[in-house]
$ cat upload-v3.pdb   # PDB, C-alpha atoms (C1' of nucleotides)
MODEL        1
ATOM      1  CA  MET G  76     -15.030  -4.710 -16.754  1.00  0.00           C
ATOM      2  CA  PRO G  77     -13.810  -4.765 -20.382  1.00  0.00           C
ATOM      3  CA  GLU G  78     -11.544  -7.531 -21.640  1.00  0.00           C
ATOM      4  CA  LEU G  79      -8.117  -6.583 -20.279  1.00  0.00           C
ATOM      5  CA  SER G  80      -6.203  -7.442 -23.427  1.00  0.00           C
ATOM      6  CA  GLU G  81      -8.423  -5.009 -25.344  1.00  0.00           C
ATOM      7  CA  LEU G  82      -7.520  -2.054 -23.134  1.00  0.00           C
ATOM      8  CA  PRO G  83      -4.937   0.209 -24.833  1.00  0.00           C
ATOM      9  CA  VAL G  84      -1.418   0.074 -23.420  1.00  0.00           C
ATOM     10  CA  LEU G  85      -0.205   3.437 -22.128  1.00  0.00           C
ATOM     11  CA  PRO G  86       2.138   4.889 -24.787  1.00  0.00           C
ATOM     12  CA  ARG G  87       5.819   5.785 -24.413  1.00  0.00           C
ATOM     13  CA  GLU G  88       5.064   9.523 -24.597  1.00  0.00           C
ATOM     14  CA  PHE G  89       3.001   9.289 -21.448  1.00  0.00           C
ATOM     15  CA  TYR G  90       5.982   8.076 -19.410  1.00  0.00           C
ATOM     16  CA  ALA G  91       8.334  10.694 -20.904  1.00  0.00           C
ATOM     17  CA  GLN G  92       6.516  13.449 -18.987  1.00  0.00           C
ATOM     18  CA  PRO G  93       7.744  14.967 -15.701  1.00  0.00           C
ATOM     19  CA  THR G  94       7.610  12.378 -12.903  1.00  0.00           C
ATOM     20  CA  ILE G  95       4.885  14.131 -10.921  1.00  0.00           C
ATOM     21  CA  GLU G  96       2.596  14.221 -13.947  1.00  0.00           C
ATOM     22  CA  VAL G  97       3.261  10.543 -14.598  1.00  0.00           C
ATOM     23  CA  ALA G  98       2.513   9.770 -10.951  1.00  0.00           C
ATOM     24  CA  ARG G  99      -0.840  11.560 -11.061  1.00  0.00           C
ATOM     25  CA  GLY G 100      -1.621  10.127 -14.490  1.00  0.00           C
ATOM     26  CA  LEU G 101      -1.054   6.563 -13.324  1.00  0.00           C
ATOM     27  CA  LEU G 102      -3.825   6.843 -10.733  1.00  0.00           C
ATOM     28  CA  GLY G 103      -6.913   5.066 -12.018  1.00  0.00           C
ATOM     29  CA  GLN G 104      -5.005   3.012 -14.620  1.00  0.00           C
ATOM     30  CA  ALA G 105      -4.656  -0.777 -14.684  1.00  0.00           C
ATOM     31  CA  ILE G 106      -1.554  -2.871 -14.015  1.00  0.00           C
ATOM     32  CA  VAL G 107      -1.902  -6.186 -15.824  1.00  0.00           C
ATOM     33  CA  HIS G 108       0.388  -9.153 -15.185  1.00  0.00           C
ATOM     34  CA  GLY G 109      -0.680 -12.310 -16.971  1.00  0.00           C
ATOM     35  CA  ASP G 110      -4.216 -13.057 -15.861  1.00  0.00           C
ATOM     36  CA  ARG G 111      -4.053 -10.728 -12.841  1.00  0.00           C
ATOM     37  CA  ALA G 112      -4.931  -7.032 -12.801  1.00  0.00           C
ATOM     38  CA  GLY G 113      -5.398  -4.170 -10.376  1.00  0.00           C
ATOM     39  CA  ARG G 114      -6.283  -0.504 -10.529  1.00  0.00           C
ATOM     40  CA  ILE G 115      -3.629   1.924  -9.242  1.00  0.00           C
ATOM     41  CA  VAL G 116      -4.962   3.942  -6.298  1.00  0.00           C
ATOM     42  CA  GLU G 117      -1.789   5.159  -4.533  1.00  0.00           C
ATOM     43  CA  VAL G 118       1.677   6.216  -5.799  1.00  0.00           C
ATOM     44  CA  GLU G 119       4.743   8.223  -4.797  1.00  0.00           C
ATOM     45  CA  ALA G 120       7.071  10.304  -6.992  1.00  0.00           C
ATOM     46  CA  TYR G 121      10.870  10.073  -6.653  1.00  0.00           C
ATOM     47  CA  VAL G 122      12.546  12.833  -8.634  1.00  0.00           C
ATOM     48  CA  ALA G 123      15.941  14.365  -9.439  1.00  0.00           C
ATOM     49  CA  SER G 124      14.959  17.581  -7.694  1.00  0.00           C
ATOM     50  CA  TYR G 125      11.901  19.372  -6.348  1.00  0.00           C
ATOM     51  CA  LYS G 126      11.703  23.169  -6.190  1.00  0.00           C
ATOM     52  CA  GLY G 127      15.410  23.293  -6.933  1.00  0.00           C
ATOM     53  CA  ILE G 128      16.427  20.922  -4.127  1.00  0.00           C
ATOM     54  CA  SER G 129      17.915  17.469  -4.790  1.00  0.00           C
ATOM     55  CA  ASP G 130      15.635  14.576  -3.769  1.00  0.00           C
ATOM     56  CA  GLN G 131      17.882  12.611  -1.429  1.00  0.00           C
ATOM     57  CA  ALA G 132      15.162  10.047  -0.822  1.00  0.00           C
ATOM     58  CA  ALA G 133      15.437   8.952  -4.468  1.00  0.00           C
ATOM     59  CA  HIS G 134      17.711   5.979  -5.159  1.00  0.00           C
ATOM     60  CA  SER G 135      18.969   7.833  -8.236  1.00  0.00           C
ATOM     61  CA  SER G 136      20.353  10.652  -6.052  1.00  0.00           C
ATOM     62  CA  ARG G 137      23.550   8.609  -5.455  1.00  0.00           C
ATOM     63  CA  GLY G 138      24.151   8.462  -9.193  1.00  0.00           C
ATOM     64  CA  LEU G 139      24.178   5.768 -11.851  1.00  0.00           C
ATOM     65  CA  THR G 140      24.993   2.333 -10.384  1.00  0.00           C
ATOM     66  CA  PRO G 141      24.079  -1.217 -11.456  1.00  0.00           C
ATOM     67  CA  ARG G 142      20.905  -0.968  -9.372  1.00  0.00           C
ATOM     68  CA  THR G 143      19.822   2.508 -10.503  1.00  0.00           C
ATOM     69  CA  ARG G 144      20.776   2.090 -14.173  1.00  0.00           C
ATOM     70  CA  VAL G 145      17.203   1.609 -15.370  1.00  0.00           C
ATOM     71  CA  ILE G 146      16.034   4.827 -13.667  1.00  0.00           C
ATOM     72  CA  PHE G 147      18.340   6.788 -15.996  1.00  0.00           C
ATOM     73  CA  GLY G 148      17.199   4.873 -19.064  1.00  0.00           C
ATOM     74  CA  PRO G 149      14.206   5.243 -21.377  1.00  0.00           C
ATOM     75  CA  PRO G 150      10.785   5.800 -19.754  1.00  0.00           C
ATOM     76  CA  GLY G 151       8.084   3.175 -19.404  1.00  0.00           C
ATOM     77  CA  HIS G 152      10.271   0.480 -17.869  1.00  0.00           C
ATOM     78  CA  ALA G 153      10.052  -1.268 -14.481  1.00  0.00           C
ATOM     79  CA  TYR G 154      12.470  -0.548 -11.634  1.00  0.00           C
ATOM     80  CA  VAL G 155      12.110  -3.345  -9.069  1.00  0.00           C
ATOM     81  CA  TYR G 156      14.297  -3.598  -5.965  1.00  0.00           C
ATOM     82  CA  LEU G 157      14.471  -5.573  -2.729  1.00  0.00           C
ATOM     83  CA  ILE G 158      13.848  -3.706   0.530  1.00  0.00           C
ATOM     84  CA  TYR G 159      14.521  -4.934   4.085  1.00  0.00           C
ATOM     85  CA  GLY G 160      15.621  -8.282   2.735  1.00  0.00           C
ATOM     86  CA  ILE G 161      12.043  -9.402   2.162  1.00  0.00           C
ATOM     87  CA  HIS G 162       9.850  -7.115   0.083  1.00  0.00           C
ATOM     88  CA  GLU G 163      10.074  -6.227  -3.583  1.00  0.00           C
ATOM     89  CA  CYS G 164       8.953  -2.746  -4.654  1.00  0.00           C
ATOM     90  CA  LEU G 165       7.693  -1.848  -8.148  1.00  0.00           C
ATOM     91  CA  ASN G 166       8.526   1.535  -9.650  1.00  0.00           C
ATOM     92  CA  ILE G 167       7.720   2.974 -13.075  1.00  0.00           C
ATOM     93  CA  VAL G 168      10.489   4.905 -14.843  1.00  0.00           C
ATOM     94  CA  ALA G 169       9.462   8.411 -15.978  1.00  0.00           C
ATOM     95  CA  GLU G 170      11.127  11.403 -17.704  1.00  0.00           C
ATOM     96  CA  PRO G 171      12.984  11.375 -21.040  1.00  0.00           C
ATOM     97  CA  GLU G 172      16.006   9.067 -21.269  1.00  0.00           C
ATOM     98  CA  GLY G 173      18.957  10.467 -19.325  1.00  0.00           C
ATOM     99  CA  THR G 174      16.817  12.184 -16.678  1.00  0.00           C
ATOM    100  CA  PRO G 175      16.157  10.110 -13.540  1.00  0.00           C
ATOM    101  CA  GLY G 176      12.654   9.844 -12.127  1.00  0.00           C
ATOM    102  CA  CYS G 177      10.345   7.053 -11.070  1.00  0.00           C
ATOM    103  CA  VAL G 178       6.966   6.356  -9.509  1.00  0.00           C
ATOM    104  CA  LEU G 179       6.534   3.867  -6.660  1.00  0.00           C
ATOM    105  CA  ILE G 180       3.285   1.913  -6.912  1.00  0.00           C
ATOM    106  CA  ARG G 181       1.914   1.703  -3.352  1.00  0.00           C
ATOM    107  CA  ALA G 182      -1.593   0.247  -3.576  1.00  0.00           C
ATOM    108  CA  LEU G 183      -3.978  -1.437  -5.998  1.00  0.00           C
ATOM    109  CA  GLU G 184      -7.704  -1.989  -6.089  1.00  0.00           C
ATOM    110  CA  PRO G 185      -8.341  -5.604  -7.171  1.00  0.00           C
ATOM    111  CA  LEU G 186      -9.752  -5.971 -10.702  1.00  0.00           C
ATOM    112  CA  VAL G 187      -9.070  -9.562 -11.792  1.00  0.00           C
ATOM    113  CA  ASN G 188      -7.571 -12.516  -9.858  1.00  0.00           C
ATOM    114  CA  LEU G 189      -6.036 -10.230  -7.261  1.00  0.00           C
ATOM    115  CA  PRO G 190      -6.313 -10.253  -3.464  1.00  0.00           C
ATOM    116  CA  PRO G 191      -6.339  -6.889  -1.663  1.00  0.00           C
ATOM    117  CA  ALA G 192      -2.905  -5.317  -2.150  1.00  0.00           C
ATOM    118  CA  SER G 193      -2.428  -2.225   0.003  1.00  0.00           C
ATOM    119  CA  GLY G 194       1.261  -1.476   0.397  1.00  0.00           C
ATOM    120  CA  PRO G 195       4.215  -1.696  -2.027  1.00  0.00           C
ATOM    121  CA  GLY G 196       5.518  -5.036  -0.731  1.00  0.00           C
ATOM    122  CA  LYS G 197       2.167  -6.733  -0.637  1.00  0.00           C
ATOM    123  CA  LEU G 198       1.169  -5.688  -4.128  1.00  0.00           C
ATOM    124  CA  THR G 199       4.251  -7.116  -5.815  1.00  0.00           C
ATOM    125  CA  ARG G 200       3.611 -10.393  -3.997  1.00  0.00           C
ATOM    126  CA  ALA G 201      -0.040 -10.324  -5.071  1.00  0.00           C
ATOM    127  CA  LEU G 202       0.806  -9.601  -8.715  1.00  0.00           C
ATOM    128  CA  GLY G 203       3.735 -12.040  -8.859  1.00  0.00           C
ATOM    129  CA  ILE G 204       6.297  -9.312  -9.586  1.00  0.00           C
ATOM    130  CA  SER G 205       9.930  -9.680  -8.507  1.00  0.00           C
ATOM    131  CA  ARG G 206      13.403  -8.470  -9.392  1.00  0.00           C
ATOM    132  CA  SER G 207      13.251 -10.745 -12.429  1.00  0.00           C
ATOM    133  CA  HIS G 208      11.094  -7.949 -13.891  1.00  0.00           C
ATOM    134  CA  TYR G 209      13.872  -5.398 -13.431  1.00  0.00           C
ATOM    135  CA  GLY G 210      14.043  -3.337 -16.644  1.00  0.00           C
ATOM    136  CA  HIS G 211      10.923  -4.857 -18.193  1.00  0.00           C
ATOM    137  CA  ASP G 212       9.301  -2.661 -20.862  1.00  0.00           C
ATOM    138  CA  LEU G 213       5.752  -1.940 -19.675  1.00  0.00           C
ATOM    139  CA  LEU G 214       4.520  -1.543 -23.245  1.00  0.00           C
ATOM    140  CA  HIS G 215       4.800  -5.313 -23.721  1.00  0.00           C
ATOM    141  CA  PRO G 216       3.035  -8.297 -22.135  1.00  0.00           C
ATOM    142  CA  PRO G 217       3.083 -10.091 -19.835  1.00  0.00           C
ATOM    143  CA  LEU G 218       3.472  -6.992 -17.621  1.00  0.00           C
ATOM    144  CA  THR G 219       1.735  -3.886 -18.950  1.00  0.00           C
ATOM    145  CA  ILE G 220      -0.039  -0.770 -17.769  1.00  0.00           C
ATOM    146  CA  ARG G 221      -3.304  -0.194 -19.606  1.00  0.00           C
ATOM    147  CA  GLN G 222      -5.687   2.719 -19.715  1.00  0.00           C
ATOM    148  CA  LEU G 223      -9.014   2.569 -17.972  1.00  0.00           C
ATOM    149  CA  ILE G 224      -9.281   6.340 -18.504  1.00  0.00           C
ATOM    150  CA  PRO G 225      -7.579   8.648 -21.063  1.00  0.00           C
ATOM    151  CA  PRO G 226      -3.802   9.017 -20.417  1.00  0.00           C
ATOM    152  CA  ASN G 227      -4.176  12.521 -19.035  1.00  0.00           C
ATOM    153  CA  GLY G 228      -7.792  12.227 -17.939  1.00  0.00           C
ATOM    154  CA  ARG G 229      -9.054  12.494 -14.382  1.00  0.00           C
ATOM    155  CA  PRO G 230     -10.204   9.505 -12.346  1.00  0.00           C
ATOM    156  CA  PRO G 231     -13.711   9.797 -10.877  1.00  0.00           C
ATOM    157  CA  GLU G 232     -12.261  10.246  -7.384  1.00  0.00           C
ATOM    158  CA  THR G 233     -10.346  13.342  -6.322  1.00  0.00           C
ATOM    159  CA  ILE G 234      -6.553  13.071  -6.231  1.00  0.00           C
ATOM    160  CA  ALA G 235      -5.259  13.817  -2.734  1.00  0.00           C
ATOM    161  CA  THR G 236      -1.655  14.709  -1.852  1.00  0.00           C
ATOM    162  CA  SER G 237       0.457  13.988   1.231  1.00  0.00           C
ATOM    163  CA  PRO G 238       4.078  13.469   2.338  1.00  0.00           C
ATOM    164  CA  ARG G 239       5.744  10.233   1.237  1.00  0.00           C
ATOM    165  CA  ILE G 240       5.666   7.318   3.659  1.00  0.00           C
ATOM    166  CA  GLY G 241       8.572   5.675   5.451  1.00  0.00           C
ATOM    167  CA  ILE G 242      11.407   7.939   4.323  1.00  0.00           C
ATOM    168  CA  ARG G 243      13.903  10.027   6.280  1.00  0.00           C
ATOM    169  CA  HIS G 244      15.105  12.589   3.742  1.00  0.00           C
ATOM    170  CA  CYS G 245      12.773  15.250   2.323  1.00  0.00           C
ATOM    171  CA  ALA G 246      10.064  13.912   4.632  1.00  0.00           C
ATOM    172  CA  GLU G 247       7.607  16.788   4.173  1.00  0.00           C
ATOM    173  CA  TRP G 248       7.545  16.964   0.413  1.00  0.00           C
ATOM    174  CA  PRO G 249       3.998  16.425  -0.970  1.00  0.00           C
ATOM    175  CA  LEU G 250       4.905  13.701  -3.457  1.00  0.00           C
ATOM    176  CA  ARG G 251       2.465  10.971  -2.442  1.00  0.00           C
ATOM    177  CA  PHE G 252      -0.743  10.884  -4.494  1.00  0.00           C
ATOM    178  CA  PHE G 253      -3.814   8.767  -3.879  1.00  0.00           C
ATOM    179  CA  LEU G 254      -7.500   8.531  -4.691  1.00  0.00           C
ATOM    180  CA  ARG G 255      -9.331  10.160  -1.808  1.00  0.00           C
ATOM    181  CA  GLY G 256     -11.694   7.834  -0.001  1.00  0.00           C
ATOM    182  CA  ASN G 257     -10.621   4.711  -1.862  1.00  0.00           C
ATOM    183  CA  PRO G 258     -10.651   1.843   0.667  1.00  0.00           C
ATOM    184  CA  HIS G 259      -7.543   0.195  -0.814  1.00  0.00           C
ATOM    185  CA  VAL G 260      -5.205   3.098  -0.105  1.00  0.00           C
ATOM    186  CA  SER G 261      -2.585   2.033   2.480  1.00  0.00           C
ATOM    187  CA  ARG G 262      -2.828   3.081   6.131  1.00  0.00           C
ATOM    188  CA  ARG G 263      -0.655   5.771   7.704  1.00  0.00           C
TER     189      ARG G 263
ATOM    190  C1'  DC Z 160       6.370  -0.952  19.455  1.00  0.00           C
ATOM    191  C1'  DT Z 161       9.742  -4.798  17.675  1.00  0.00           C
ATOM    192  C1'  DG Z 162      12.212  -8.208  14.850  1.00  0.00           C
ATOM    193  C1'  DG Z 163      13.195 -10.444  10.423  1.00  0.00           C
ATOM    194  C1'  DT Z 164      15.801 -10.330   6.239  1.00  0.00           C
ATOM    195  C1'  DG Z 165      19.615  -9.335   2.516  1.00  0.00           C
ATOM    196  C1'  DA Z 166      21.308  -5.984  -1.051  1.00  0.00           C
ATOM    197  C1'  DT Z 167      23.547  -1.739  -1.400  1.00  0.00           C
ATOM    198  C1'  DG Z 168      26.901   2.034  -1.002  1.00  0.00           C
ATOM    199  C1'  DC Z 169      30.531   3.967   1.253  1.00  0.00           C
ATOM    200  C1'  DA Z 170      34.133   4.238   4.791  1.00  0.00           C
ATOM    201  C1'  DC Z 171      38.315   2.151   5.945  1.00  0.00           C
TER     202       DC Z 171
ATOM    203  C1'  DT V 101      36.386  -6.040   4.354  1.00  0.00           C
ATOM    204  C1'  DG V 102      32.881  -4.274   7.566  1.00  0.00           C
ATOM    205  C1'  DC V 103      28.676  -2.027   8.679  1.00  0.00           C
ATOM    206  C1'  DA V 104      24.939   1.473   8.742  1.00  0.00           C
ATOM    207  C1'  DT V 105      21.105   2.040   6.214  1.00  0.00           C
ATOM    208  C1'  DC V 106      16.791   0.893   4.076  1.00  0.00           C
ATOM    209  C1'  DA V 107      10.576   3.834  -0.485  1.00  0.00           C
ATOM    210  C1'  DC V 108       8.101  -2.888   4.463  1.00  0.00           C
ATOM    211  C1'  DC V 109       5.086  -5.992   7.030  1.00  0.00           C
ATOM    212  C1'  DA V 110       3.214  -9.038  10.667  1.00  0.00           C
ATOM    213  C1'  DG V 111       2.584  -9.719  15.301  1.00  0.00           C
ATOM    214  C1'  DG V 112       1.728  -8.182  20.014  1.00  0.00           C
TER     215       DG V 112
ENDMDL
END
$ encode --input "upload-v3.pdb" --output "structure tokens"
Amino acid sequence: MPELSELPVLPREFYAQPTIEVARGLLGQAIVHGDRAGRIVEVEAYVASYKGISDQAAHSSRGLTPRTRVIFGPPGHAYVYLIYGIHECLNIVAEPEGTPGCVLIRALEPLVNLPPASGPGKLTRALGISRSHYGHDLLHPPLTIRQLIPPNGRPPETIATSPRIGIRHCAEWPLRFFLRGNPHVSRR
DNA sequence: CTGGTGATGCAC
DNA sequence: TGCATCACCAGG
């Protein structure tokens, strides 16, 4: 394990790509918050539209509001929201500024000072991330995403695809991506 | 399977 | 102003 602060931070151009490419590209990379770090092993894409159909499961589908503002802003920032009154969920903003799109981080493999964190609510708790990080620029400490592999490289494990978990709209769309066989991927 | 918990968006 | 909804999790 190299020194975390020496790992390159993922550049702005990476996040400006289409959301699905950002989602796949985030797999195998490191989330670093202070002295804690984990490797991303499971994500979901939330887009403006997929195959010409509007993604009604995406928070941005109801337009620009105080909560969704950051999703329409410049890429590489954190969208954090509260769900079911208890759990905070971390999303990464993708697409060029003005186009909504974000990636939900669903599970991490522990790297440094992190307990197992399978599931979007558990991982924010484990990393110490909350709504106070809403809009944080992920190119700057203390919360960064750093490359363990080249920005558009392939992780050693195969990337598997499945429907997104826990949603009602667009339930069959294959927008969940995870590292096949990784034991830290969340259960279905 | 169920209940807890509170912000959000929209109907009225 | 009310209320249905919600990208979750722990417990049984």
$ closest_atom_pairs --input "upload-v3.pdb" --of "chain Z" --to "chain G" --cutoff "8 Å" --atoms "all atoms listed in the file" --output "JSON lines"
{"residue": "Z:DT164", "atom": "C1'", "partner": "G:Gly160", "partner_atom": "CA", "distance": 4.1}
{"residue": "Z:DG165", "atom": "C1'", "partner": "G:Gly160", "partner_atom": "CA", "distance": 4.1}
{"residue": "Z:DA166", "atom": "C1'", "partner": "G:Leu157", "partner_atom": "CA", "distance": 7.1}
$ closest_atom_pairs --input "upload-v3.pdb" --of "chain V" --to "chain G" --cutoff "12 Å" --atoms "all atoms listed in the file" --output "CSV"
residue,atom,partner,partner_atom,distance
V:DT105,C1',G:Tyr159,CA,9.8
V:DC106,C1',G:Tyr159,CA,6.3
V:DA107,C1',G:Ile242,CA,6.4
V:DC108,C1',G:Gly196,CA,6.2
V:DC109,C1',G:Gly196,CA,7.8
V:DA110,C1',G:Lys197,CA,11.6
$ write_last_selection --input "upload-v3.pdb" --atoms "C-alpha atoms (C1' of nucleotides)" --output "short mmCIF file (atom, residue, chain, number, x, y, z; two decimals), keeping the file's coordinate frame"
data_model
loop_
_atom_site.label_atom_id
_atom_site.label_comp_id
_atom_site.auth_asym_id
_atom_site.auth_seq_id
_atom_site.Cartn_x
_atom_site.Cartn_y
_atom_site.Cartn_z
"C1'" DT V 105 21.10 2.04 6.21
"C1'" DC V 106 16.79 0.89 4.08
"C1'" DA V 107 10.58 3.83 -0.48
"C1'" DC V 108 8.10 -2.89 4.46
"C1'" DC V 109 5.09 -5.99 7.03
"C1'" DA V 110 3.21 -9.04 10.67
#
$ residues_around --input "upload-v3.pdb" --residues "G:Val107" --least-positions-apart "4" --cutoff "9 Å" --atoms "all atoms listed in the file" --output "list in words"
Leu79, Ser80, Arg111, Ala112, Gly113, Arg114, Val187, Leu202, Pro216, Pro217, Leu218, Thr219, Ile220 and Arg221 of chain G
$ residues_around --input "upload-v3.pdb" --residues "stretch 229-231 of chain G" --least-positions-apart "2" --cutoff "10 Å" --atoms "all atoms listed in the file" --output "compact mmCIF listing (two decimals) with C-alpha atoms, keeping the file's coordinate frame"
# COMPACT_ATOMS: atom_id res chain seq x y z
CA ARG G 99 -0.84 11.56 -11.06
CA GLY G 100 -1.62 10.13 -14.49
CA LEU G 101 -1.05 6.56 -13.32
CA LEU G 102 -3.82 6.84 -10.73
CA GLY G 103 -6.91 5.07 -12.02
CA GLN G 104 -5.00 3.01 -14.62
CA VAL G 116 -4.96 3.94 -6.30
CA LEU G 223 -9.01 2.57 -17.97
CA ILE G 224 -9.28 6.34 -18.50
CA PRO G 225 -7.58 8.65 -21.06
CA PRO G 226 -3.80 9.02 -20.42
CA ASN G 227 -4.18 12.52 -19.04
CA THR G 233 -10.35 13.34 -6.32
CA ILE G 234 -6.55 13.07 -6.23
CA LEU G 254 -7.50 8.53 -4.69
$ atom_distance --input "upload-v3.pdb" --atom1 "atom CA of G:Leu85" --atom2 "atom CA of G:Ser124"
25.3 Å
$ atom_distance --input "upload-v3.pdb" --atom1 "atom CA of G:Ile115" --atom2 "atom CA of G:Ala235"
13.7 Å
$ residues_around --input "upload-v3.pdb" --residues "stretch 88-90 of chain G" --least-positions-apart "5" --cutoff "9 Å" --atoms "all atoms listed in the file" --output "NGL selection string"
:G and (96-97 or 100 or 149-152 or 167-171 or 226-227)
$ atom_distance --input "upload-v3.pdb" --atom1 "atom CA of G:His211" --atom2 "atom CA of G:Tyr154"
8.0 Å
$ axis_aligned_box --input "upload-v3.pdb" --around "chain Z" --padding-each-side "8 Å" --output "JSON"
{"center_x": 22.3, "center_y": -3.1, "center_z": 9.0, "size_x": 47.9, "size_y": 30.7, "size_z": 36.9}
$ resolve_selection --input "upload-v3.pdb" --expression "the PyMOL selection byres ((chain G and resi 122) around 9)" --output "ChimeraX atom specification"
/G:93-95,120-121,123-125,129-133,135-136,175-178
$ resolve_selection --input "upload-v3.pdb" --expression "the PyMOL selection byres ((chain G and resi 201) around 8)" --output "tab-separated table (two decimals) with C-alpha atoms, in the frame of the given file"
chain	number	residue	atom	x	y	z
G	189	LEU	CA	-6.04	-10.23	-7.26
G	190	PRO	CA	-6.31	-10.25	-3.46
G	191	PRO	CA	-6.34	-6.89	-1.66
G	192	ALA	CA	-2.90	-5.32	-2.15
G	197	LYS	CA	2.17	-6.73	-0.64
G	198	LEU	CA	1.17	-5.69	-4.13
G	199	THR	CA	4.25	-7.12	-5.82
G	200	ARG	CA	3.61	-10.39	-4.00
G	202	LEU	CA	0.81	-9.60	-8.72
G	203	GLY	CA	3.74	-12.04	-8.86
G	204	ILE	CA	6.30	-9.31	-9.59
$ closest_residue --input "upload-v3.pdb" --among "G:Thr143, G:Cys245, G:Ile106, G:Thr236" --to "G:Pro83" --atoms "all atoms listed in the file"
G:Ile106
$ resolve_selection --input "upload-v3.pdb" --expression "the PyMOL selection byres ((chain G and resi 173) around 6)" --output "PDB file with C-alpha atoms, keeping the file's coordinate frame"
ATOM      1  CA  PHE G 147      18.340   6.788 -15.996  1.00  0.00           C
ATOM      2  CA  GLY G 148      17.199   4.873 -19.064  1.00  0.00           C
ATOM      3  CA  GLU G 172      16.006   9.067 -21.269  1.00  0.00           C
ATOM      4  CA  THR G 174      16.817  12.184 -16.678  1.00  0.00           C
TER       5      THR G 174
END
$ decode --input "upload-v3.pdb" --residues "stretch 101-106 of chain G" --atoms "all heavy atoms" --output "short mmCIF file (atom, residue, chain, number, x, y, z; two decimals), in the first residue's frame"
data_model
loop_
_atom_site.label_atom_id
_atom_site.label_comp_id
_atom_site.auth_asym_id
_atom_site.auth_seq_id
_atom_site.Cartn_x
_atom_site.Cartn_y
_atom_site.Cartn_z
N LEU G 101 -14.55 4.71 -11.69
CA LEU G 101 -14.32 4.88 -10.25
C LEU G 101 -14.04 3.55 -9.57
O LEU G 101 -13.41 3.51 -8.50
CB LEU G 101 -15.55 5.54 -9.60
CG LEU G 101 -15.69 7.05 -9.82
CD1 LEU G 101 -17.04 7.56 -9.30
CD2 LEU G 101 -14.55 7.82 -9.15
N LEU G 102 -14.50 2.46 -10.16
CA LEU G 102 -14.23 1.15 -9.56
C LEU G 102 -12.73 0.89 -9.49
O LEU G 102 -12.01 1.07 -10.47
CB LEU G 102 -14.92 0.04 -10.37
CG LEU G 102 -16.45 0.02 -10.28
CD1 LEU G 102 -17.03 -1.02 -11.24
CD2 LEU G 102 -16.91 -0.25 -8.86
N GLY G 103 -12.27 0.50 -8.31
CA GLY G 103 -10.85 0.23 -8.14
C GLY G 103 -10.05 1.43 -7.66
O GLY G 103 -8.87 1.30 -7.34
N GLN G 104 -10.69 2.62 -7.59
CA GLN G 104 -9.98 3.81 -7.11
C GLN G 104 -10.19 3.99 -5.61
O GLN G 104 -11.04 3.34 -5.01
CB GLN G 104 -10.45 5.05 -7.87
CG GLN G 104 -10.45 4.91 -9.38
CD GLN G 104 -9.05 4.81 -9.99
OE1 GLN G 104 -8.05 4.65 -9.28
NE2 GLN G 104 -8.97 4.87 -11.31
N ALA G 105 -9.41 4.90 -5.02
CA ALA G 105 -9.43 5.07 -3.57
C ALA G 105 -10.18 6.34 -3.17
O ALA G 105 -9.95 7.40 -3.73
CB ALA G 105 -8.01 5.13 -3.02
N ILE G 106 -11.08 6.21 -2.19
CA ILE G 106 -11.64 7.39 -1.52
C ILE G 106 -10.83 7.61 -0.26
O ILE G 106 -10.66 6.69 0.54
CB ILE G 106 -13.12 7.19 -1.14
CG1 ILE G 106 -13.97 7.03 -2.39
CG2 ILE G 106 -13.61 8.38 -0.31
CD1 ILE G 106 -15.47 7.00 -2.10
#
